[in-house]
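Below is the file coords05.cif, which contains mmCIF, C-alpha atoms.
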data_final
#
loop_
_atom_site.label_atom_id
_atom_site.label_comp_id
_atom_site.auth_asym_id
_atom_site.auth_seq_id
_atom_site.Cartn_x
_atom_site.Cartn_y
_atom_site.Cartn_z
CA MET E 1 202.30 213.11 -82.34
CA SER E 2 199.00 212.65 -84.09
CA ALA E 3 196.86 215.66 -84.95
CA ALA E 4 193.86 213.50 -85.90
CA PRO E 5 191.51 214.62 -83.06
CA TYR E 6 192.07 218.27 -83.99
CA VAL E 7 191.29 217.47 -87.61
CA VAL E 8 188.09 215.67 -86.55
CA ALA E 9 187.00 218.86 -84.76
CA GLY E 10 187.68 220.90 -87.90
CA TRP E 11 185.80 218.39 -90.07
CA LEU E 12 182.77 218.53 -87.74
CA PHE E 13 182.80 222.33 -87.92
CA LEU E 14 182.94 222.37 -91.72
CA MET E 15 180.18 219.77 -92.01
CA GLY E 16 178.02 221.93 -89.74
CA CYS E 17 178.75 224.98 -91.91
CA HIS E 18 177.88 223.03 -95.06
CA GLY E 19 174.58 222.02 -93.49
CA LEU E 20 173.84 225.61 -92.45
CA ALA E 21 174.53 226.98 -95.92
CA THR E 22 172.46 224.40 -97.78
CA SER E 23 169.65 224.07 -95.25
CA ARG E 24 166.05 224.08 -96.54
CA ASN E 25 164.53 223.95 -93.07
CA LEU E 26 165.18 226.23 -90.10
CA ILE E 27 164.95 223.35 -87.59
CA HIS E 28 167.57 221.52 -89.61
CA ALA E 29 169.69 224.70 -89.56
CA VAL E 30 169.49 224.87 -85.76
CA GLY E 31 170.64 221.24 -85.67
CA CYS E 32 173.58 222.11 -87.96
CA LEU E 33 174.55 224.96 -85.65
CA ALA E 34 174.61 222.42 -82.80
CA VAL E 35 176.97 220.26 -84.92
CA CYS E 36 179.26 223.29 -85.42
CA GLN E 37 179.24 223.88 -81.71
CA SER E 38 179.99 220.26 -80.86
CA SER E 39 183.20 220.59 -82.88
CA THR E 40 184.40 222.98 -80.17
CA TYR E 41 183.78 220.31 -77.52
CA VAL E 42 185.97 217.88 -79.44
CA LEU E 43 188.69 220.50 -79.92
CA LEU E 44 188.70 221.56 -76.25
CA LEU E 45 188.79 218.02 -74.91
CA ALA E 46 191.50 217.05 -77.43
CA VAL E 47 193.64 219.99 -76.28
CA GLY E 48 193.33 218.88 -72.67
CA TYR E 49 194.04 215.19 -73.17
CA ARG E 50 197.13 213.59 -71.66
CA SER E 51 198.15 210.05 -72.66
CA GLY E 52 197.18 207.42 -70.10
CA ALA E 53 195.52 209.98 -67.82
CA THR E 54 192.22 209.67 -65.97
CA ALA E 55 189.46 212.13 -64.99
CA PRO E 56 190.52 215.04 -62.74
CA VAL E 57 188.38 213.80 -59.84
CA PHE E 58 190.11 212.77 -56.63
CA SER E 59 187.26 211.18 -54.70
CA ASP E 60 188.50 207.68 -55.58
CA ILE E 61 192.16 208.13 -56.54
CA ALA E 62 194.93 209.51 -54.36
CA PRO E 63 196.20 212.91 -55.55
CA GLY E 64 199.44 212.49 -57.47
CA SER E 65 199.06 208.72 -57.92
CA ARG E 66 197.99 209.00 -61.54
CA PRO E 67 198.22 211.70 -64.21
CA VAL E 68 194.92 213.49 -64.85
CA VAL E 69 193.64 215.31 -67.93
CA ASP E 70 193.38 219.10 -68.00
CA PRO E 71 190.36 220.17 -65.86
CA VAL E 72 190.32 223.74 -67.21
CA VAL E 73 189.23 222.73 -70.71
CA GLN E 74 186.70 220.30 -69.23
CA ALA E 75 185.12 223.17 -67.29
CA LEU E 76 185.12 225.25 -70.50
CA THR E 77 183.40 222.39 -72.34
CA LEU E 78 180.73 222.25 -69.63
CA THR E 79 180.14 225.99 -70.08
CA ASP E 80 180.02 225.47 -73.82
CA ILE E 81 177.39 222.71 -73.58
CA VAL E 82 175.15 224.79 -71.30
CA ILE E 83 175.35 227.82 -73.58
CA GLY E 84 174.75 225.57 -76.61
CA ALA E 85 171.60 224.10 -75.09
CA THR E 86 170.14 227.48 -74.13
CA VAL E 87 170.96 229.09 -77.48
CA THR E 88 169.34 226.13 -79.24
CA ALA E 89 166.20 226.60 -77.14
CA LEU E 90 166.07 230.31 -77.95
CA LEU E 91 166.59 229.68 -81.68
CA LEU E 92 163.91 226.99 -81.74
CA SER E 93 161.43 229.36 -80.13
CA LEU E 94 162.28 231.87 -82.87
CA VAL E 95 161.59 229.14 -85.43
CA VAL E 96 158.18 228.51 -83.81
CA GLN E 97 157.35 232.20 -84.24
CA VAL E 98 158.63 232.27 -87.82
CA ALA E 99 156.53 229.22 -88.67
CA LYS E 100 153.46 230.92 -87.18
CA ARG E 101 153.90 234.29 -88.86
CA HIS E 102 155.16 233.16 -92.27
CA ARG E 103 153.70 229.64 -92.49
CA THR E 104 157.04 228.29 -93.67
CA VAL E 105 160.34 227.17 -92.18
CA ASP E 106 162.29 227.32 -95.44
CA PRO E 107 164.86 230.11 -95.06
CA ASP E 108 164.85 230.74 -98.82
CA GLU E 109 161.17 231.67 -98.72
CA LEU E 110 161.67 234.20 -95.94
CA SER E 111 162.97 236.96 -98.20
CA GLU E 112 160.08 239.40 -97.87
CA LEU E 113 159.33 241.60 -94.90
CA ARG E 114 156.00 241.22 -93.23
CA GLY E 115 154.54 243.40 -90.48
CA MET M 1 172.04 234.05 -104.70
CA THR M 2 171.47 230.86 -106.69
CA MET M 3 172.22 227.49 -105.17
CA ARG M 4 175.15 226.88 -107.53
CA LEU M 5 176.83 230.19 -106.69
CA ARG M 6 176.24 229.57 -103.01
CA MET M 7 177.91 226.17 -103.22
CA TRP M 8 180.94 227.71 -104.95
CA VAL M 9 181.32 230.37 -102.26
CA LEU M 10 180.92 227.74 -99.58
CA ALA M 11 183.46 225.40 -101.19
CA LEU M 12 185.98 228.23 -101.56
CA GLY M 13 185.56 229.39 -97.96
CA GLY M 14 185.49 225.86 -96.59
CA LEU M 15 188.65 224.90 -98.45
CA GLY M 16 190.45 228.00 -97.20
CA VAL M 17 189.43 227.34 -93.61
CA ALA M 18 190.38 223.66 -93.92
CA VAL M 19 193.89 224.41 -95.25
CA LEU M 20 194.62 227.09 -92.64
CA TYR M 21 193.16 224.95 -89.86
CA VAL M 22 195.23 221.87 -90.73
CA LEU M 23 198.38 224.02 -90.94
CA ALA M 24 197.56 225.43 -87.51
CA CYS M 25 196.91 221.94 -86.10
CA LEU M 26 200.35 220.76 -87.19
CA ASN M 27 201.88 223.45 -84.98
CA LEU M 28 199.75 222.68 -81.92
CA PRO M 29 201.32 220.78 -79.00
CA SER M 30 200.90 217.12 -79.93
CA PHE M 31 197.74 215.29 -78.85
CA GLY M 32 198.03 213.58 -75.47
CA GLY M 33 201.17 215.51 -74.54
CA ASP M 34 202.37 215.92 -70.99
CA ARG M 35 202.54 219.72 -70.81
CA HIS M 36 199.39 221.22 -69.28
CA PRO M 37 200.54 224.16 -67.15
CA TYR M 38 197.05 225.53 -66.47
CA GLY M 39 195.64 222.09 -65.71
CA ASP M 40 198.41 221.31 -63.24
CA ARG M 41 197.87 224.62 -61.44
CA ALA M 42 194.10 224.13 -61.36
CA VAL M 43 194.54 220.67 -59.82
CA ARG M 44 196.92 222.06 -57.19
CA ALA M 45 194.53 224.90 -56.33
CA ALA M 46 191.55 222.51 -56.10
CA LEU M 47 193.42 220.17 -53.74
CA ALA M 48 194.52 223.13 -51.60
CA ARG M 49 190.84 224.05 -51.24
CA HIS M 50 189.80 220.46 -50.42
CA THR M 51 187.63 220.05 -53.51
CA ALA M 52 187.90 216.51 -54.89
CA ASN M 53 186.24 217.28 -58.23
CA THR M 54 188.67 219.67 -59.91
CA VAL M 55 186.18 220.60 -62.63
CA SER M 56 183.72 221.87 -59.98
CA SER M 57 186.52 223.75 -58.30
CA VAL M 58 187.38 225.46 -61.58
CA ASN M 59 183.75 226.31 -62.31
CA PHE M 60 182.56 227.40 -58.87
CA ASP M 61 185.71 228.62 -57.16
CA GLN M 62 188.57 229.53 -59.47
CA ARG M 63 186.36 230.77 -62.29
CA ALA M 64 183.19 231.47 -60.28
CA LEU M 65 182.71 234.88 -61.91
CA ASP M 66 182.64 233.29 -65.37
CA THR M 67 180.00 230.87 -64.18
CA LEU M 68 177.92 233.83 -63.02
CA GLY M 69 178.04 235.09 -66.60
CA GLU M 70 177.14 231.66 -67.94
CA GLU M 71 174.26 231.41 -65.50
CA SER M 72 173.04 234.82 -66.60
CA ILE M 73 173.06 233.67 -70.23
CA LEU M 74 170.88 230.73 -69.17
CA PHE M 75 168.59 233.11 -67.29
CA GLY M 76 168.42 235.49 -70.22
CA SER M 77 167.62 232.81 -72.76
CA VAL M 78 164.88 231.37 -70.55
CA LEU M 79 163.46 234.89 -70.32
CA GLY M 80 163.73 235.29 -74.10
CA THR M 81 161.95 231.99 -74.72
CA VAL M 82 159.15 232.92 -72.30
CA VAL M 83 158.63 236.19 -74.16
CA LEU M 84 158.83 234.62 -77.63
CA LEU M 85 156.50 231.72 -76.88
CA ARG M 86 153.80 233.64 -75.02
CA GLN M 87 150.17 233.32 -75.96
CA THR M 88 149.39 236.01 -78.51
CA ARG M 89 146.09 237.83 -79.07
CA ASP M 90 144.97 235.63 -81.95
CA GLU M 91 145.57 232.40 -80.07
CA ASP M 92 143.35 230.39 -77.78
CA ARG M 93 144.25 228.10 -74.95
CA GLN M 94 142.64 224.66 -75.12
CA GLN M 95 142.22 222.23 -72.29
CA PRO M 96 144.56 219.30 -72.95
CA GLU M 97 142.73 216.05 -73.53
CA PRO M 98 143.32 213.12 -71.20
CA ALA M 99 145.40 210.60 -73.09
CA ARG M 100 145.52 206.81 -72.97
CA VAL M 101 148.92 205.42 -71.99
CA ALA M 102 150.05 201.83 -72.46
CA PRO M 103 150.18 200.18 -69.00
CA SER M 104 153.80 199.08 -69.39
CA VAL M 105 154.88 202.63 -70.30
CA ARG M 106 152.97 203.97 -67.31
CA ARG M 107 154.46 201.43 -64.93
CA TYR M 108 158.01 201.98 -66.13
CA ALA M 109 157.77 205.78 -66.17
CA LEU M 110 156.21 205.92 -62.68
CA PHE M 111 159.01 203.68 -61.42
CA ALA M 112 161.70 205.72 -63.15
CA LEU M 113 160.40 209.06 -61.87
CA PRO M 114 161.48 208.87 -58.20
CA VAL M 115 164.71 207.10 -59.15
CA THR M 116 165.60 209.83 -61.65
CA LEU M 117 164.67 212.55 -59.16
CA LEU M 118 166.92 210.99 -56.52
CA ILE M 119 169.82 210.59 -58.95
CA GLY M 120 169.42 214.23 -60.00
CA LEU M 121 169.53 215.46 -56.40
CA TYR M 122 172.51 213.19 -55.73
CA ILE M 123 174.39 214.64 -58.71
CA VAL M 124 173.67 218.22 -57.54
CA THR M 125 174.75 217.64 -53.94
CA HIS M 126 177.87 215.61 -54.79
CA GLY M 127 179.15 218.06 -57.39
CA GLN M 128 182.21 218.91 -55.32
CA LEU M 129 183.14 215.22 -54.90
CA SER M 130 182.30 213.28 -58.03
CA PRO M 131 181.57 214.16 -61.66
CA GLY M 132 178.41 216.24 -61.83
CA GLY M 133 177.15 219.41 -60.22
CA GLY M 134 174.33 221.90 -60.49
CA PHE M 135 174.16 222.08 -64.26
CA GLN M 136 174.09 218.35 -64.88
CA GLY M 137 171.95 217.45 -61.86
CA GLY M 138 169.51 220.26 -62.54
CA VAL M 139 168.78 218.91 -66.00
CA VAL M 140 168.24 215.40 -64.56
CA VAL M 141 165.81 216.71 -61.90
CA ALA M 142 163.86 218.69 -64.50
CA THR M 143 163.72 215.60 -66.73
CA SER M 144 162.38 213.44 -63.90
CA LEU M 145 159.32 215.71 -63.52
CA HIS M 146 158.53 215.32 -67.21
CA LEU M 147 158.38 211.55 -66.85
CA LEU M 148 154.93 212.23 -65.41
CA TYR M 149 153.88 213.57 -68.82
CA ILE M 150 154.95 210.27 -70.37
CA ALA M 151 153.40 208.17 -67.60
CA VAL M 152 150.05 209.94 -67.23
CA ASP M 153 149.22 213.00 -69.34
CA TYR M 154 149.77 216.73 -69.65
CA ARG M 155 147.21 217.66 -67.01
CA ALA M 156 149.02 215.57 -64.41
CA LEU M 157 152.27 217.33 -65.27
CA GLU M 158 150.58 220.72 -64.94
CA ARG M 159 149.35 219.81 -61.47
CA ILE M 160 152.86 219.21 -60.09
CA ARG M 161 154.30 222.08 -62.05
CA PRO M 162 153.04 225.44 -60.81
CA LEU M 163 154.89 227.50 -63.41
CA GLY M 164 154.87 230.71 -61.40
CA MET M 165 156.77 228.98 -58.60
CA TYR M 166 159.39 227.70 -61.03
CA GLU M 167 159.80 231.15 -62.55
CA VAL M 168 160.41 232.54 -59.05
CA ALA M 169 162.81 229.66 -58.30
CA ASP M 170 164.75 230.45 -61.46
CA ALA M 171 165.27 234.04 -60.31
CA ALA M 172 165.96 232.89 -56.73
CA GLY M 173 168.72 230.55 -57.93
CA GLU M 174 170.37 233.38 -59.82
CA ALA M 175 169.98 235.71 -56.82
CA ALA M 176 171.39 233.11 -54.40
CA TYR M 177 174.54 232.82 -56.51
CA VAL M 178 175.06 236.60 -56.43
CA LEU M 179 174.30 236.75 -52.69
CA VAL M 180 176.85 234.02 -51.87
CA GLY M 181 179.33 236.05 -53.91
CA ALA M 182 178.39 239.22 -52.04
CA ALA M 183 178.68 237.44 -48.68
CA ALA M 184 182.35 236.94 -49.48
CA LEU M 185 182.71 240.74 -49.68
CA LEU M 186 181.38 241.11 -46.12
CA THR M 187 184.09 238.80 -44.80
CA GLY M 188 186.83 240.75 -46.55
CA TRP M 189 187.27 238.46 -49.56
CA ALA M 190 186.92 239.36 -53.21
CA PHE M 191 183.50 238.91 -54.87
CA LEU M 192 182.72 235.16 -55.15
CA GLY M 193 185.85 234.32 -53.14
CA ASN M 194 185.82 230.99 -51.32
CA PHE M 195 185.37 232.43 -47.83
CA LEU M 196 183.95 229.40 -45.97
CA PRO M 197 186.11 226.83 -44.16
CA TYR M 198 187.29 224.22 -46.65
CA GLY M 199 186.22 221.24 -44.52
CA THR M 200 187.60 217.69 -44.62
CA PHE M 201 188.75 216.54 -48.05
CA ASN M 202 186.35 214.18 -49.81
CA THR M 203 183.35 214.75 -47.52
CA LEU M 204 180.01 216.28 -48.44
CA SER M 205 180.77 219.55 -46.64
CA SER M 206 184.19 220.07 -48.24
CA GLY M 207 185.05 222.76 -50.76
CA GLY M 208 183.84 225.88 -48.91
CA THR M 209 181.37 227.78 -51.10
CA VAL M 210 181.46 225.21 -53.92
CA PRO M 211 178.48 223.12 -52.62
CA LEU M 212 176.44 226.28 -51.99
CA LEU M 213 177.04 227.67 -55.46
CA ASN M 214 176.38 224.21 -56.89
CA ALA M 215 173.01 224.11 -55.12
CA ALA M 216 172.12 227.62 -56.36
CA ILE M 217 172.93 226.57 -59.93
CA GLY M 218 171.01 223.33 -59.43
CA VAL M 219 167.87 225.26 -58.44
CA GLU M 220 168.25 227.67 -61.33
CA VAL M 221 168.87 225.02 -63.96
CA THR M 222 165.99 222.84 -62.73
CA ALA M 223 163.58 225.76 -62.75
CA GLY M 224 164.95 227.13 -66.02
CA VAL M 225 164.63 223.84 -67.88
CA VAL M 226 161.13 223.24 -66.50
CA VAL M 227 159.99 226.71 -67.59
CA LEU M 228 161.67 226.31 -70.98
CA LEU M 229 160.07 222.92 -71.68
CA ALA M 230 156.71 224.14 -70.37
CA ARG M 231 156.68 226.93 -72.96
CA PHE M 232 157.44 224.52 -75.79
CA LEU M 233 154.93 221.95 -74.53
CA ASP M 234 152.25 224.65 -74.19
CA GLN M 235 152.79 225.52 -77.83
CA ALA M 236 152.38 221.90 -78.84
CA VAL M 237 149.55 220.88 -76.52
CA GLU M 238 147.53 223.87 -75.38
CA ILE M 239 147.88 226.92 -77.55
CA ALA M 240 145.95 226.88 -80.80
CA SER M 241 145.36 229.62 -83.29
CA THR M 242 141.75 230.80 -83.56
CA ASP M 243 142.47 231.60 -87.17
CA GLU M 244 141.18 228.68 -89.30
CA GLU M 245 143.87 229.23 -91.90
CA ALA M 246 146.57 228.36 -89.40
CA GLU M 247 145.38 224.77 -89.28
CA ASP M 248 146.28 224.48 -92.93
CA PRO M 249 149.89 223.24 -93.12
CA ALA M 250 150.43 224.96 -96.49
#

Whole structure given in structure tokens:
Amino acid sequence: MSAAPYVVAGWLFLMGCHGLATSRNLIHAVGCLAVCQSSTYVLLLAVGYRSGATAPVFSDIAPGSRPVVDPVVQALTLTDIVIGATVTALLLSLVVQVAKRHRTVDPDELSELRG
Amino acid sequence: MTMRLRMWVLALGGLGVAVLYVLACLNLPSFGGDRHPYGDRAVRAALARHTANTVSSVNFDQRALDTLGEESILFGSVLGTVVLLRQTRDEDRQQPEPARVAPSVRRYALFALPVTLLIGLYIVTHGQLSPGGGFQGGVVVATSLHLLYIAVDYRALERIRPLGMYEVADAAGEAAYVLVGAAALLTGWAFLGNFLPYGTFNTLSSGGTVPLLNAAIGVEVTAGVVVLLARFLDQAVEIASTDEEAEDPA
């Protein structure tokens, strides 16, 4: 009956957005983006949960003996985490280049173009 | 845009999203409910194909094509990082200095290295049976190599980490995944179909192509993470700007 886990996911997303909008440091902004993304993990896993169920792995339980949670959203979450990690790496390498070329990581100081 | 105006826009947008989102949540199927039609079908399909870990079955059998896309994103972002963090014309490469390590750190890290490596390989090879698989295990294997950096120093890490080999391994992992998929075509299945015999349920060789695809992903993720971290570590340890101004943090 409770919608609390869904609301937690939404709250995480909004907190991440708040951090992104007010960020004074690009590394901090990348971290905030990771927070936004982790809200999707919470949402996906909350959608797939089933009361009293266990992990969808049958190496130590007999099939059908216990209810299991939804494996499809778990696989989606795994995909999500992998993509999140790689995107974070790519963004951080962009930050390294920005810091080298512009000598700052404050997004508000990056208004001018430089060749 | 001033900070005050920005906060107003953010508050307005955030409030709108929050209200719509909560209204949407109230209409979702309730948390912990018993109706999961896709999950039930995925579990049935995984059991029919003798794969004990349903999540692996979804990733490497039922949705194997999606995982190819995911793997390609990993490959592409490693490539992007390599290009972005290359040594530019105005930068010099310095020899890393040997560093002093506290004996207890060295002892612990050298002990943890083979254990971590073994656990990583275990997680990759048992992906079809227990929680884990190529993605998770690959990250653990790559981490175990970097324990040498903590235990000894950067030069020791560079000695066991011929980067060219890992770059080739990254591509080979990606290629192996596509080739296993193409092999299914030769036997009359669809691309990435599970064409191998399913084996005995809950044994290492069960799941048909799942262990093979898991291994391919394991190789790619290990190599990808090693290359990725190497580029960042090179920036921190080896590459220095020849320009004096760059040393100035201002």

Grab all the atoms of region 9-27 of chain M that the file lists, wrap them in a box along x, y and z, add 6 Å per side, and give me centre plus edge lengths in Å (one decimal) as JSON.
{"center_x": 191.4, "center_y": 225.6, "center_z": -93.6, "size_x": 33.0, "size_y": 21.6, "size_z": 29.3}

Exercise. Find the residue from M:Ser72, M:Thr187, M:Ser104, M:Thr81 that sits nearest to chain E; use all atoms listed in the file when measuring.
Key: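 Going through M:Ser72, M:Thr187, M:Ser104, M:Thr81 one by one, the smallest distance to chain E is for M:Thr81.
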
Quiz item: For Ser206 (chain M), which of M:Arg49, M:Val115, M:Gly137, M:Tyr108 is the closest residue, counting all atoms listed in the file?
Solution: M:Arg49

Self-check item: CA of Val55 (chain M) to CA of Ala184 (chain M), distance in Å rounded to a single decimal
Solution: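 Computing it gives 21.3 Å between the two atoms.
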
Exercise. Name the residues that the PyMOL selection byres ((chain M and resi 46) around 9) picks from the file above, as a VMD selection string, using the file's chain letters and numbers.
Key: chain M and resid 41 to 45 47 to 58 61 to 62 207

Practice problem: Any chance you could resolve the PyMOL selection byres ((chain E) within 7 of (chain M)) against this file and give the residues as a PyMOL selection string? | Solution: chain E and resi 1-3+6-7+14+46-47+49-51+56-59+70-72+74-75+79+83+86-87+90+93-94+103

Exercise. Carefully work through the PyMOL selection byres ((chain E and resi 23) around 12) for this structure and note down the residues it includes, as a list in words.
Key: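 Checking the PyMOL selection byres ((chain E and resi 23) around 12) against this file, the residues are Met15, Gly16, Cys17, His18, Gly19, Leu20, Ala21, Thr22, Arg24, Asn25, Leu26, Ile27, His28, Ala29, Val30, Gly31, Cys32, Leu33, Val105, Asp106, Pro107, Asp108 and Glu109 of chain E; Met3, Arg6 and Met7 of chain M.
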
Quiz item: Which is closest to Val139 (chain M) among M:Pro103, M:Thr116, M:Asp90, M:Gly188, if we use all atoms listed in the file?
Solution: M:Thr116

Exercise. May I have the residues within 12 Å of Val101 (chain M) as an MDAnalysis selection string, using all atoms listed in the file and disregarding those fewer than 6 positions away in the same chain?
Key: chainID M and resid 107:110 148:154

Quiz item: Mind pulling up the distance from CA of Ile217 (chain M) to CA of Gly134 (chain M)?
Solution: 4.9 Å

Quiz prompt | Separation of CA of Ala102 (chain M) from CA of Val227 (chain M), in Å and rounded to one decimal | solution = 27.2 Å

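Near Arg93 (chain M), within 8 Å and counting only C-alpha atoms, sit M:Gln87, M:Glu238, M:Ile239, M:Ala240, not including residues fewer than 3 positions from it in the same chain.
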
Quiz prompt | For region 166-181 of chain M: contacts at 7 Å, only C-alpha atoms, fewer than 6 positions along chain excluded, given as JSON, numbers by chain | solution = {"M": [191, 192, 193, 213, 216, 217, 219, 220, 223, 224, 227]}

Self-check item: Test item: residues at most 12 Å from Leu157 (chain M), only C-alpha atoms, excluding those fewer than 6 positions along its chain, as a PyMOL selection string
Solution: chain M and resi 96+98+142-151+163+226+229-230+233-234

Practice problem: Could you give me, as a PyMOL selection string, the residues within 9 Å of Val42 (chain E), counting all atoms listed in the file and dropping anything in the same chain fewer than 5 positions from it? | Solution: chain E and resi 5-6+8-9+12+47+77
